[in-house]
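Next comes model-v2.csv, with CSV, C-alpha atoms.
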chain,number,residue,atom,x,y,z
A,472,MET,CA,-29.7,4.3,-3.1
A,473,PRO,CA,-32.3,2.2,-1.3
A,474,ALA,CA,-31.0,0.2,1.6
A,475,GLY,CA,-32.4,-2.9,0.0
A,476,LYS,CA,-30.3,-2.4,-3.0
A,477,LEU,CA,-27.1,-2.4,-0.9
A,478,ASP,CA,-28.3,-5.5,1.0
A,479,SER,CA,-28.8,-7.3,-2.3
A,480,TYR,CA,-25.1,-6.9,-3.1
A,481,LEU,CA,-24.3,-9.1,-0.1
A,482,LYS,CA,-25.9,-12.0,-1.8
A,483,LEU,CA,-23.1,-12.0,-4.4
A,484,ASP,CA,-20.2,-14.4,-3.8
A,485,GLY,CA,-17.3,-12.7,-2.3
A,486,VAL,CA,-19.0,-9.4,-1.4
A,487,LEU,CA,-18.4,-8.5,2.2
A,488,ALA,CA,-19.9,-5.1,2.4
A,489,ALA,CA,-21.2,-2.2,0.4
A,490,LEU,CA,-21.7,1.4,1.1
A,491,VAL,CA,-22.7,4.6,-0.6
A,492,VAL,CA,-20.7,7.8,0.2
A,493,ARG,CA,-21.8,11.3,-0.7
A,494,ASP,CA,-19.7,14.4,0.1
A,495,GLY,CA,-17.4,12.4,2.3
A,496,THR,CA,-20.1,10.9,4.5
A,497,VAL,CA,-21.7,7.5,4.5
A,498,GLN,CA,-25.3,7.6,3.2
A,499,GLY,CA,-26.0,3.9,3.6
A,500,GLU,CA,-24.2,0.7,4.3
A,501,ALA,CA,-24.7,-3.0,4.4
A,502,GLY,CA,-22.6,-6.0,5.5
A,503,SER,CA,-19.4,-6.0,7.5
A,504,PRO,CA,-16.9,-3.5,6.2
A,505,GLY,CA,-14.5,-4.4,9.1
A,506,ALA,CA,-13.6,-0.7,9.4
A,507,ASP,CA,-14.8,2.6,10.7
A,508,THR,CA,-16.9,3.5,7.7
A,509,GLY,CA,-16.8,7.2,8.6
A,510,MET,CA,-13.0,7.3,8.2
A,511,LEU,CA,-13.2,5.0,5.2
A,512,ALA,CA,-15.6,7.4,3.5
A,513,VAL,CA,-13.3,10.4,4.1
A,514,THR,CA,-10.2,8.4,2.9
A,515,LEU,CA,-12.0,7.2,-0.3
A,516,THR,CA,-13.3,10.7,-1.0
A,517,LEU,CA,-9.7,11.8,-1.0
A,518,LEU,CA,-8.8,8.9,-3.1
A,519,MET,CA,-11.4,9.9,-5.7
A,520,LYS,CA,-10.2,13.5,-5.7
A,521,GLU,CA,-6.6,12.4,-6.3
A,522,SER,CA,-7.8,10.0,-9.0
A,523,ALA,CA,-9.5,12.9,-10.7
A,524,ARG,CA,-6.2,14.8,-10.6
A,525,ILE,CA,-4.4,12.0,-12.3
A,526,ALA,CA,-7.1,11.7,-14.9
A,527,GLY,CA,-6.6,15.4,-15.5
A,528,LYS,CA,-2.9,14.9,-16.0
A,529,VAL,CA,-3.2,12.0,-18.5
A,530,GLY,CA,-6.3,13.4,-20.2
A,531,GLY,CA,-8.1,10.1,-19.9
A,532,GLY,CA,-11.5,11.5,-19.2
A,533,ARG,CA,-13.4,11.3,-16.0
A,534,VAL,CA,-12.8,8.6,-13.4
A,535,SER,CA,-15.5,5.9,-13.6
A,536,SER,CA,-14.1,3.6,-10.9
A,537,VAL,CA,-11.0,2.9,-8.8
A,538,ILE,CA,-10.0,-0.6,-7.7
A,539,LEU,CA,-7.8,-1.0,-4.6
A,540,GLU,CA,-6.5,-4.5,-4.4
A,541,PHE,CA,-4.9,-5.7,-1.1
A,542,GLY,CA,-3.6,-9.1,-0.2
A,543,ASP,CA,-6.8,-10.0,1.6
A,544,LYS,CA,-9.5,-7.7,0.2
A,545,LEU,CA,-10.5,-5.7,-2.8
A,546,LEU,CA,-12.3,-2.4,-2.8
A,547,PHE,CA,-14.2,-1.4,-5.8
A,548,VAL,CA,-15.2,2.3,-5.8
A,549,GLN,CA,-17.7,3.2,-8.5
A,550,ALA,CA,-18.4,6.9,-9.2
A,551,GLN,CA,-22.1,7.6,-9.4
A,552,ASN,CA,-21.9,11.3,-9.9
A,553,ASP,CA,-19.4,14.1,-9.0
A,554,SER,CA,-20.1,13.8,-5.3
A,555,GLN,CA,-21.3,10.3,-4.7
A,556,PHE,CA,-19.8,6.9,-5.1
A,557,LEU,CA,-20.5,3.2,-4.4
A,558,VAL,CA,-18.0,1.2,-2.5
A,559,VAL,CA,-18.1,-2.6,-2.7
A,560,ILE,CA,-15.6,-4.5,-0.4
A,561,THR,CA,-14.9,-8.0,-1.5
A,562,SER,CA,-12.7,-11.0,-0.8
A,563,PRO,CA,-9.5,-11.1,-2.9
A,564,GLY,CA,-9.4,-12.6,-6.4
A,565,ILE,CA,-13.1,-11.9,-7.2
A,566,SER,CA,-14.0,-11.7,-10.8
A,567,LEU,CA,-14.6,-8.1,-11.7
A,568,THR,CA,-16.4,-9.2,-14.9
A,569,ARG,CA,-19.0,-10.9,-12.7
A,570,LEU,CA,-19.1,-8.0,-10.3
A,571,TYR,CA,-19.7,-5.6,-13.1
A,572,ARG,CA,-22.4,-7.8,-14.4
A,573,GLU,CA,-24.1,-8.1,-11.0
A,574,LEU,CA,-23.8,-4.4,-10.4
A,575,GLY,CA,-25.2,-3.6,-13.8
A,576,ILE,CA,-22.0,-1.8,-14.9
A,577,THR,CA,-21.0,-2.0,-18.6
A,578,ARG,CA,-17.4,-2.2,-19.5
A,579,VAL,CA,-16.2,-2.6,-23.0
A,580,ASN,CA,-14.6,-6.0,-23.9
A,581,GLU,CA,-14.6,-7.3,-20.3
A,582,GLY,CA,-13.8,-10.9,-21.0
A,583,PRO,CA,-13.8,-14.0,-18.8
A,584,GLY,CA,-11.3,-14.2,-16.0
A,585,ALA,CA,-11.2,-10.6,-15.3
B,404,MET,CA,25.2,14.5,19.7
B,405,LYS,CA,23.4,11.3,18.9
B,406,ARG,CA,23.7,10.1,15.3
B,407,GLN,CA,20.5,10.0,13.2
B,408,ILE,CA,19.2,6.9,11.5
B,409,PRO,CA,19.4,7.0,7.7
B,410,GLU,CA,16.6,8.7,5.7
B,411,GLY,CA,15.9,5.6,3.6
B,412,THR,CA,13.3,5.6,0.9
B,413,LEU,CA,9.9,7.1,1.6
B,414,ILE,CA,7.2,4.6,1.1
B,415,GLY,CA,4.2,6.3,2.6
B,416,GLU,CA,2.8,8.4,5.5
B,417,ILE,CA,-0.1,7.7,7.8
B,418,GLU,CA,-1.6,8.8,11.1
B,419,ALA,CA,-2.5,5.8,13.2
B,420,PRO,CA,-2.2,4.3,16.7
B,421,LEU,CA,0.9,2.1,17.4
B,422,ALA,CA,-1.1,-1.1,17.3
B,423,LEU,CA,-2.2,-0.3,13.7
B,424,LEU,CA,1.3,0.6,12.6
B,425,LEU,CA,2.7,-2.6,14.1
B,426,SER,CA,0.0,-4.7,12.4
B,427,HIS,CA,1.2,-3.5,9.0
B,428,ILE,CA,4.9,-3.7,9.3
B,429,PRO,CA,6.3,-4.5,5.8
B,430,ASN,CA,8.3,-7.5,4.9
B,431,PHE,CA,11.5,-5.6,4.3
B,432,PRO,CA,14.1,-3.7,6.5
B,433,GLY,CA,13.2,-0.1,7.3
B,434,ALA,CA,12.0,2.4,9.9
B,435,ILE,CA,8.8,4.1,10.8
B,436,ILE,CA,9.7,7.7,11.7
B,437,ILE,CA,7.3,9.0,14.4
B,438,ARG,CA,6.5,12.6,14.9
B,439,ILE,CA,4.3,13.9,17.7
B,440,SER,CA,4.0,17.3,19.2
B,441,THR,CA,6.6,16.6,21.9
B,442,GLY,CA,9.3,15.2,19.8
B,443,LYS,CA,10.5,12.7,17.2
B,444,GLY,CA,11.4,9.0,17.2
B,445,PHE,CA,11.5,5.9,15.2
B,446,ILE,CA,10.5,2.2,15.1
B,447,LEU,CA,13.2,0.1,13.5
B,448,PHE,CA,12.0,-3.0,11.8
B,449,GLU,CA,13.1,-5.9,9.7
B,450,TYR,CA,11.0,-8.3,7.7
B,451,GLY,CA,7.7,-7.9,9.4
B,452,ARG,CA,8.7,-7.3,13.0
B,453,PRO,CA,9.9,-4.4,15.1
B,454,VAL,CA,13.5,-4.6,16.5
B,455,GLY,CA,14.0,-1.2,18.1
B,456,TYR,CA,12.2,1.9,19.4
B,457,SER,CA,13.5,5.3,20.2
B,458,PHE,CA,11.9,8.7,21.0
B,459,ALA,CA,13.6,12.0,21.8
B,460,MET,CA,12.1,15.0,23.5
B,461,GLY,CA,14.9,17.5,23.3
B,462,GLU,CA,17.8,16.1,25.2
B,463,PHE,CA,15.7,13.5,26.9
B,464,VAL,CA,15.6,10.1,25.1
B,465,LEU,CA,13.5,7.1,25.6
B,466,GLU,CA,14.7,3.8,24.1
B,467,GLY,CA,13.6,0.2,23.7
B,468,ALA,CA,10.5,-0.9,25.6
B,469,ALA,CA,10.2,2.5,27.4
B,470,ALA,CA,9.9,4.2,24.0
B,471,ARG,CA,7.4,1.6,22.8
B,472,ARG,CA,5.3,2.1,25.9
B,473,PHE,CA,5.4,5.8,25.3
B,474,PHE,CA,4.2,5.3,21.7
B,475,GLN,CA,1.4,3.0,23.0
B,476,GLN,CA,0.1,5.8,25.2
B,477,GLU,CA,-0.3,8.2,22.2
B,478,GLU,CA,-3.7,8.0,20.6
B,479,VAL,CA,-2.4,8.8,17.1
B,480,LEU,CA,1.2,8.8,15.8
B,481,LYS,CA,2.2,10.7,12.7
B,482,ALA,CA,4.2,8.1,10.9
B,483,SER,CA,6.4,8.0,7.9
B,484,LEU,CA,7.3,4.6,6.5
B,485,ARG,CA,10.9,4.3,5.2
B,486,ARG,CA,12.5,1.4,3.4
B,487,TYR,CA,16.2,0.6,3.9
B,488,SER,CA,18.8,-1.1,1.9
B,489,GLU,CA,20.9,-3.6,3.8
B,490,LYS,CA,23.6,-1.0,4.2
B,491,GLU,CA,21.2,1.6,5.6
B,492,PHE,CA,19.7,-1.0,7.9
B,493,GLN,CA,23.1,-1.8,9.3
B,494,GLU,CA,23.7,1.9,9.8
B,495,ALA,CA,20.4,2.2,11.6
B,496,LEU,CA,21.2,-0.8,13.8
B,497,ALA,CA,24.5,0.8,14.7
B,498,VAL,CA,22.7,4.1,15.7
B,499,ALA,CA,20.1,2.1,17.7
B,500,TRP,CA,22.6,-0.2,19.4
B,501,PRO,CA,22.3,-1.2,22.2
B,502,ASN,CA,19.5,0.4,24.2
B,503,ALA,CA,16.9,1.0,21.5
B,504,LEU,CA,17.0,-2.6,20.3
B,505,ILE,CA,14.5,-5.1,21.6
B,506,SER,CA,14.9,-8.1,19.3
B,507,LEU,CA,17.1,-9.2,16.4
B,508,SER,CA,16.8,-12.2,14.2
B,509,THR,CA,20.5,-12.9,14.6
B,510,GLY,CA,20.0,-13.3,18.3
B,511,GLN,CA,21.6,-10.0,19.1
B,512,GLN,CA,19.8,-8.0,21.8
B,513,GLY,CA,20.5,-4.8,23.5
B,514,GLY,CA,21.4,-5.8,27.0
B,515,MET,CA,21.3,-2.4,28.6
B,516,GLY,CA,18.5,-0.1,29.5
B,517,ASP,CA,14.8,-0.9,29.5
B,518,SER,CA,14.9,-3.4,26.7
B,519,SER,CA,12.8,-6.2,28.1
B,520,PRO,CA,9.3,-6.7,26.7
B,521,ALA,CA,6.5,-5.3,28.6
B,522,PRO,CA,4.3,-7.8,30.5
B,523,GLY,CA,2.1,-9.7,28.1
B,524,TYR,CA,4.0,-8.2,25.1
B,525,ARG,CA,5.8,-10.9,23.1
B,526,THR,CA,8.4,-9.4,20.8
B,527,GLU,CA,8.4,-12.3,18.4
B,528,ASP,CA,4.6,-12.1,18.0
B,529,THR,CA,4.3,-8.3,18.1
B,530,VAL,CA,2.8,-8.3,14.7
B,531,PRO,CA,-0.2,-10.6,14.4
B,532,GLY,CA,0.6,-12.5,11.3
B,533,GLY,CA,3.0,-9.8,10.5
B,534,ILE,CA,5.7,-11.8,8.7
B,535,ASP,CA,5.3,-11.3,5.0
B,536,HIS,CA,2.4,-8.9,5.5
B,537,PHE,CA,3.6,-6.9,2.5
B,538,ALA,CA,5.1,-9.7,0.5
B,539,VAL,CA,3.6,-10.0,-2.9
B,540,GLU,CA,3.6,-13.8,-2.5
B,541,ASP,CA,0.9,-13.5,0.1
B,542,GLY,CA,-1.7,-11.9,-2.1
B,543,PRO,CA,-3.4,-12.9,-5.2
B,544,ILE,CA,-0.2,-12.0,-6.9
B,545,THR,CA,2.1,-15.0,-6.6
B,546,ARG,CA,5.6,-15.6,-7.6
B,547,THR,CA,5.8,-17.1,-11.0
B,548,GLN,CA,8.5,-18.6,-13.1
B,549,ASP,CA,10.3,-16.0,-15.2
B,550,PRO,CA,7.7,-16.0,-18.0
B,551,GLY,CA,10.1,-15.1,-20.8
B,552,GLY,CA,13.5,-15.7,-19.5
B,553,LEU,CA,13.6,-12.0,-18.8
B,554,ALA,CA,15.3,-12.1,-15.4
B,555,SER,CA,18.4,-10.0,-15.8
B,556,ALA,CA,20.6,-7.5,-14.1
B,557,ASP,CA,17.9,-4.9,-15.0
B,558,PRO,CA,14.7,-6.5,-13.8
B,559,ILE,CA,12.8,-3.2,-14.0
B,560,GLY,CA,13.8,-2.8,-17.6
B,561,ALA,CA,12.8,-6.4,-18.2
B,562,ILE,CA,9.4,-5.8,-16.6
B,563,LEU,CA,8.7,-2.7,-18.6
B,564,ASP,CA,9.7,-4.4,-21.8
B,565,ARG,CA,7.4,-7.3,-21.0
B,566,PHE,CA,4.5,-4.9,-20.2
B,567,ILE,CA,4.9,-2.8,-23.3
B,568,ARG,CA,4.9,-5.9,-25.5
B,569,SER,CA,1.6,-7.0,-24.0
B,570,PRO,CA,-1.6,-6.2,-25.9
B,571,GLY,CA,-3.5,-3.3,-24.5
B,572,VAL,CA,-0.6,-1.7,-22.7
B,573,ILE,CA,0.0,1.8,-23.9
B,574,GLU,CA,2.9,2.9,-21.7
B,575,ALA,CA,4.7,1.7,-18.6
B,576,ALA,CA,7.1,3.2,-16.2
B,577,PHE,CA,8.8,2.8,-12.8
B,578,PHE,CA,8.9,5.6,-10.4
B,579,ARG,CA,10.1,6.3,-6.9
B,580,GLU,CA,10.5,9.4,-4.7
B,581,GLY,CA,8.6,11.6,-7.2
B,582,SER,CA,10.7,10.8,-10.2
B,583,ILE,CA,10.2,8.5,-13.2
B,584,TYR,CA,13.3,6.3,-13.4
B,585,ALA,CA,12.5,4.2,-16.5
B,586,SER,CA,9.7,4.1,-19.0
B,587,ARG,CA,8.6,2.4,-22.2
B,588,GLY,CA,6.1,3.3,-24.9
B,589,ARG,CA,4.6,6.7,-25.2
B,590,ALA,CA,6.7,8.8,-22.8
B,591,ILE,CA,5.1,9.1,-19.5
B,592,SER,CA,5.4,12.7,-18.3
B,593,GLY,CA,7.8,13.2,-15.4
B,594,ASP,CA,5.2,15.1,-13.5
B,595,MET,CA,3.0,12.0,-13.3
B,596,ALA,CA,5.1,10.6,-10.5
B,597,GLU,CA,4.0,13.1,-7.9
B,598,PRO,CA,0.2,12.7,-8.3
B,599,ALA,CA,0.7,8.9,-8.6
B,600,GLU,CA,2.5,9.0,-5.3
B,601,GLU,CA,-0.2,11.1,-3.8
B,602,ILE,CA,-2.9,8.7,-4.7
B,603,LEU,CA,-1.0,6.1,-2.8
B,604,LEU,CA,-1.5,8.0,0.5
B,605,PRO,CA,-5.3,7.4,0.7
B,606,ALA,CA,-4.7,3.9,-0.7
B,607,TRP,CA,-2.4,3.1,2.2
B,608,GLU,CA,-4.9,4.7,4.6
B,609,ALA,CA,-7.7,2.6,3.2
B,610,MET,CA,-5.5,-0.4,3.6
B,611,ALA,CA,-4.9,0.4,7.2
B,612,LEU,CA,-8.6,0.6,7.8
B,613,VAL,CA,-9.9,-2.5,6.0
B,614,SER,CA,-7.0,-4.9,5.3
B,615,ASP,CA,-4.3,-6.9,6.9
B,616,GLY,CA,-2.7,-7.7,3.6
B,617,PRO,CA,-0.2,-5.9,1.4
B,618,LEU,CA,-1.2,-3.2,-1.2
B,619,VAL,CA,-1.2,-5.1,-4.5
B,620,GLN,CA,-2.4,-2.5,-6.9
B,621,VAL,CA,-4.4,0.6,-7.5
B,622,THR,CA,-6.2,0.8,-10.8
B,623,LEU,CA,-8.1,3.9,-12.0
B,624,GLN,CA,-10.6,3.2,-14.7
B,625,LEU,CA,-11.0,6.3,-16.8
B,626,ALA,CA,-13.2,6.9,-19.8
B,627,ASP,CA,-10.3,6.6,-22.2
B,628,TRP,CA,-7.9,4.2,-20.5
B,629,ASN,CA,-6.8,2.6,-17.2
B,630,VAL,CA,-4.0,3.7,-15.0
B,631,THR,CA,-2.5,1.0,-12.7
B,632,ILE,CA,0.0,1.7,-9.9
B,633,ALA,CA,1.6,-1.3,-8.1
B,634,PRO,CA,4.4,-1.4,-5.5
B,635,TYR,CA,7.6,-3.1,-6.8
B,636,ASP,CA,10.9,-3.3,-5.0
B,637,ASP,CA,11.7,0.2,-3.6
B,638,GLY,CA,9.3,2.0,-5.9
B,639,TYR,CA,6.2,1.6,-8.0
B,640,LEU,CA,5.2,0.3,-11.4
B,641,LEU,CA,2.9,2.6,-13.3
B,642,PHE,CA,1.3,1.5,-16.5
B,643,MET,CA,-1.6,2.7,-18.7
B,644,THR,CA,-3.8,0.3,-20.6
B,645,GLU,CA,-6.6,0.5,-23.1
B,646,PRO,CA,-10.1,0.8,-21.5
B,647,GLY,CA,-11.2,-2.6,-22.8
B,648,ILE,CA,-8.3,-4.6,-21.3
B,649,ASN,CA,-9.4,-7.5,-19.1
B,650,PHE,CA,-8.7,-6.8,-15.5
B,651,GLY,CA,-7.5,-10.4,-15.2
B,652,ARG,CA,-4.7,-9.4,-17.7
B,653,ILE,CA,-3.6,-6.6,-15.5
B,654,ARG,CA,-3.4,-9.1,-12.6
B,655,ARG,CA,-1.4,-11.5,-14.7
B,656,LEU,CA,1.0,-8.7,-15.7
B,657,LEU,CA,1.7,-8.0,-12.1
B,658,GLN,CA,2.1,-11.7,-11.4
B,659,GLU,CA,4.7,-11.8,-14.1
B,660,ALA,CA,6.4,-8.7,-12.7
B,661,ALA,CA,6.6,-10.4,-9.3
B,662,GLY,CA,8.4,-13.3,-11.0
B,663,ILE,CA,10.9,-11.3,-13.1
B,664,GLY,CA,14.2,-10.7,-11.4
B,665,LYS,CA,13.2,-12.8,-8.3
B,666,VAL,CA,13.6,-16.3,-9.6
For this file, produce the structure as structure tokens.
Amino acid sequence: MPAGKLDSYLKLDGVLAALVVRDGTVQGEAGSPGADTGMLAVTLTLLMKESARIAGKVGGGRVSSVILEFGDKLLFVQAQNDSQFLVVITSPGISLTRLYRELGITRVNEGPGA
Amino acid sequence: MKRQIPEGTLIGEIEAPLALLLSHIPNFPGAIIIRISTGKGFILFEYGRPVGYSFAMGEFVLEGAAARRFFQQEEVLKASLRRYSEKEFQEALAVAWPNALISLSTGQQGGMGDSSPAPGYRTEDTVPGGIDHFAVEDGPITRTQDPGGLASADPIGAILDRFIRSPGVIEAAFFREGSIYASRGRAISGDMAEPAEEILLPAWEAMALVSDGPLVQVTLQLADWNVTIAPYDDGYLLFMTEPGINFGRIRRLLQEAAGIGKV
């Protein structure tokens, strides 16, 4: 993903940082993740692997994204292919509907207030 | 032989330096079990702040501030977070009394041994903003009035009943320590608890890296449905929803869960 694309996410209200991770390493980043992005990349790679394991258990198809919501931040992890994902770190309470729209992600029936 | 502190309920495991562990002390009574190559110890805490430290290397035991300083010198501590009931916490206090204790909300303090704070180390402020760090009231999930008069002697059952009656919710369950304790809707397989707990480990690690707030929820968006896991009481709520459900509705369900049984 071009660096300019990641930078453009920072213009969205509530977005603090964005990074692309491939095979457990950071391929590009923008903004202020407030963390060691190398460690975060490894941790989120494990998270995606465990998510795939749960998906296999429940037979719900492949993992499209994982949302980690904390008291003061939200991490949106969007799978781009089997080995690469986009991470967007936002302030809490952000509208995911708007985030999906801004990121160009289509979710069925995502209504207002999401 | 010195008595052991209670096992408590396993909440999560992490490898991190002491400062990071102390900055994420939960808002309930419990202990952080520490394992490093030379021995084993614990940090006893209650409601967001540490109250005691101990570390044993064979027969040699460090307690109180001496143990804390020892932990500080270690680059990384292998830590296991345990939640205590009040009874377990009292048992742990009895084991730790008096030398391992550094500060108690009741004004009790171990008066023997090296229990005074290190220079520049304020026991009351050990955790920057630590009080209520893990309280749901602090995050986007806020305590609400009991939405349907569901508060009862079985708040878990009431929450699951509320969830399963909500449009878009397919199944709901409560699990802890690798077992499903209650479920509603299409039966959630008992072997779901283990992978659900395992996904919490990287979630906790990510939290330690980027956040000072509590873990509110983990939601997996799959092709066919969503899976949400959220801490509740001494375990976790797990529910599956239709893929088109509004994420705001998932948040509202968790808000309601925070209200049920606590009002």
message = Ranking B:Ala482, B:Ile436, B:Ala626, B:Leu423 by minimum distance to chain A and counting only C-alpha atoms, which one comes first?
response = B:Ala626
Using all atoms listed in the file, I'd like every residue of chain A that has an atom within 7 Å of chain B; please write them out as a compact mmCIF listing (two decimals) with C-alpha atoms, keeping the file's coordinate frame.
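File written: iface12.txt
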# COMPACT_ATOMS: atom_id res chain seq x y z
CA GLY A 505 -14.50 -4.40 9.10
CA ALA A 506 -13.60 -0.70 9.40
CA LEU A 511 -13.20 5.00 5.20
CA THR A 514 -10.20 8.40 2.90
CA LEU A 515 -12.00 7.20 -0.30
CA LEU A 517 -9.70 11.80 -1.00
CA LEU A 518 -8.80 8.90 -3.10
CA GLU A 521 -6.60 12.40 -6.30
CA SER A 522 -7.80 10.00 -9.00
CA ILE A 525 -4.40 12.00 -12.30
CA ALA A 526 -7.10 11.70 -14.90
CA GLY A 531 -8.10 10.10 -19.90
CA GLY A 532 -11.50 11.50 -19.20
CA ARG A 533 -13.40 11.30 -16.00
CA VAL A 534 -12.80 8.60 -13.40
CA SER A 535 -15.50 5.90 -13.60
CA SER A 536 -14.10 3.60 -10.90
CA VAL A 537 -11.00 2.90 -8.80
CA ILE A 538 -10.00 -0.60 -7.70
CA LEU A 539 -7.80 -1.00 -4.60
CA GLU A 540 -6.50 -4.50 -4.40
CA PHE A 541 -4.90 -5.70 -1.10
CA GLY A 542 -3.60 -9.10 -0.20
CA ASP A 543 -6.80 -10.00 1.60
CA LYS A 544 -9.50 -7.70 0.20
CA PRO A 563 -9.50 -11.10 -2.90
CA GLY A 564 -9.40 -12.60 -6.40
CA VAL A 579 -16.20 -2.60 -23.00
CA ASN A 580 -14.60 -6.00 -23.90
CA GLU A 581 -14.60 -7.30 -20.30
CA GLY A 582 -13.80 -10.90 -21.00
CA GLY A 584 -11.30 -14.20 -16.00
CA ALA A 585 -11.20 -10.60 -15.30
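Near Gly638 of chain B, within a cut-off of 12 Å and counting all atoms listed in the file, sit the residues Thr412, Leu413, Ile414, Gly415, Arg485, Arg486, Ile559, Ala576, Phe577, Phe578, Arg579, Glu580, Gly581, Ser582, Ile583, Tyr584, Ala585, Ala596, Ala599, Glu600, Leu603, Ile632, Ala633 and Pro634 of chain B, with same-chain residues fewer than 4 positions away left out.
Going from atom CA of Pro420 of chain B to atom CA of Gly455 of chain B covers 17.2 Å.
Comparing the minimum interatomic distances between Val492 of chain A and each of A:Phe556, A:Met519, A:Asp478, A:Arg524, counting all atoms listed in the file, we find that A:Phe556 sits nearest.
Nearest to Tyr456 of chain B of all the residues B:Ile573, B:Ala468, B:Ala660, B:Ile428 is B:Ala468, counting all atoms listed in the file.
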Exercise: segment 480-485 of chain A partners within 10 Å, all atoms listed in the file, chain neighbours under 5 positions left out, as a PyMOL selection string = chain A and resi 475+490+501-503+544-545+559-566+569-570+573-574
Give me a file of those residues, with C-alpha atoms, as a short mmCIF file (atom, residue, chain, number, x, y, z; two decimals), in the frame of the given file.
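Below you can see out-v4.cif, which holds the result:
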data_model
loop_
_atom_site.label_atom_id
_atom_site.label_comp_id
_atom_site.auth_asym_id
_atom_site.auth_seq_id
_atom_site.Cartn_x
_atom_site.Cartn_y
_atom_site.Cartn_z
CA GLY A 475 -32.40 -2.90 0.00
CA LEU A 490 -21.70 1.40 1.10
CA ALA A 501 -24.70 -3.00 4.40
CA GLY A 502 -22.60 -6.00 5.50
CA SER A 503 -19.40 -6.00 7.50
CA LYS A 544 -9.50 -7.70 0.20
CA LEU A 545 -10.50 -5.70 -2.80
CA VAL A 559 -18.10 -2.60 -2.70
CA ILE A 560 -15.60 -4.50 -0.40
CA THR A 561 -14.90 -8.00 -1.50
CA SER A 562 -12.70 -11.00 -0.80
CA PRO A 563 -9.50 -11.10 -2.90
CA GLY A 564 -9.40 -12.60 -6.40
CA ILE A 565 -13.10 -11.90 -7.20
CA SER A 566 -14.00 -11.70 -10.80
CA ARG A 569 -19.00 -10.90 -12.70
CA LEU A 570 -19.10 -8.00 -10.30
CA GLU A 573 -24.10 -8.10 -11.00
CA LEU A 574 -23.80 -4.40 -10.40
#
query = Just how far from atom CA of Gly509 of chain A is atom CA of Thr496 of chain A, in Å to one decimal?
reply = 6.4 Å
request  = Please indicate the distance in Å from atom CA of Ser426 of chain B to atom CA of Gln476 of chain B, rounded to one decimal place.
outcome  = 16.6 Å
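Comparing the minimum interatomic distances between Tyr487 of chain B and each of B:Gly588, B:Gly444, B:Gly411, B:Gly467, counting all atoms listed in the file, we find that B:Gly411 sits nearest.
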As a tab-separated table (two decimals) with C-alpha atoms, keeping the file's coordinate frame, please: the residues near Gly461 of chain B (cut-off 10 Å, all atoms listed in the file, same-chain neighbours under 3 positions excluded).
chain	number	residue	atom	x	y	z
B	441	THR	CA	6.60	16.60	21.90
B	442	GLY	CA	9.30	15.20	19.80
B	443	LYS	CA	10.50	12.70	17.20
B	458	PHE	CA	11.90	8.70	21.00
B	464	VAL	CA	15.60	10.10	25.10
Residue with smallest distance to Arg493 of chain A - pool A:Gly530, A:Tyr571, A:Ile576, A:Asn552, counting all atoms listed in the file = A:Asn552
N, CA and C atoms for segment 490-500 of chain B, written as a tab-separated table (two decimals), keeping the file's coordinate frame, could you do that?
chain	number	residue	atom	x	y	z
B	490	LYS	N	22.59	-1.93	3.69
B	490	LYS	CA	23.60	-1.00	4.20
B	490	LYS	C	22.98	-0.01	5.18
B	491	GLU	N	21.87	0.56	4.73
B	491	GLU	CA	21.20	1.60	5.60
B	491	GLU	C	20.68	0.92	6.86
B	492	PHE	N	20.18	-0.33	6.72
B	492	PHE	CA	19.70	-1.00	7.90
B	492	PHE	C	20.77	-1.23	8.92
B	493	GLN	N	21.95	-1.63	8.43
B	493	GLN	CA	23.10	-1.80	9.30
B	493	GLN	C	23.48	-0.54	10.01
B	494	GLU	N	23.42	0.56	9.25
B	494	GLU	CA	23.70	1.90	9.80
B	494	GLU	C	22.73	2.22	10.93
B	495	ALA	N	21.45	1.93	10.64
B	495	ALA	CA	20.40	2.20	11.60
B	495	ALA	C	20.58	1.38	12.87
B	496	LEU	N	20.96	0.12	12.68
B	496	LEU	CA	21.20	-0.80	13.80
B	496	LEU	C	22.33	-0.20	14.69
B	497	ALA	N	23.35	0.31	14.01
B	497	ALA	CA	24.50	0.80	14.70
B	497	ALA	C	24.07	2.07	15.57
B	498	VAL	N	23.19	2.88	15.00
B	498	VAL	CA	22.70	4.10	15.70
B	498	VAL	C	21.86	3.60	16.94
B	499	ALA	N	21.04	2.58	16.70
B	499	ALA	CA	20.10	2.10	17.70
B	499	ALA	C	20.80	1.30	18.82
B	500	TRP	N	21.93	0.70	18.48
B	500	TRP	CA	22.60	-0.20	19.40
B	500	TRP	C	23.13	0.55	20.63
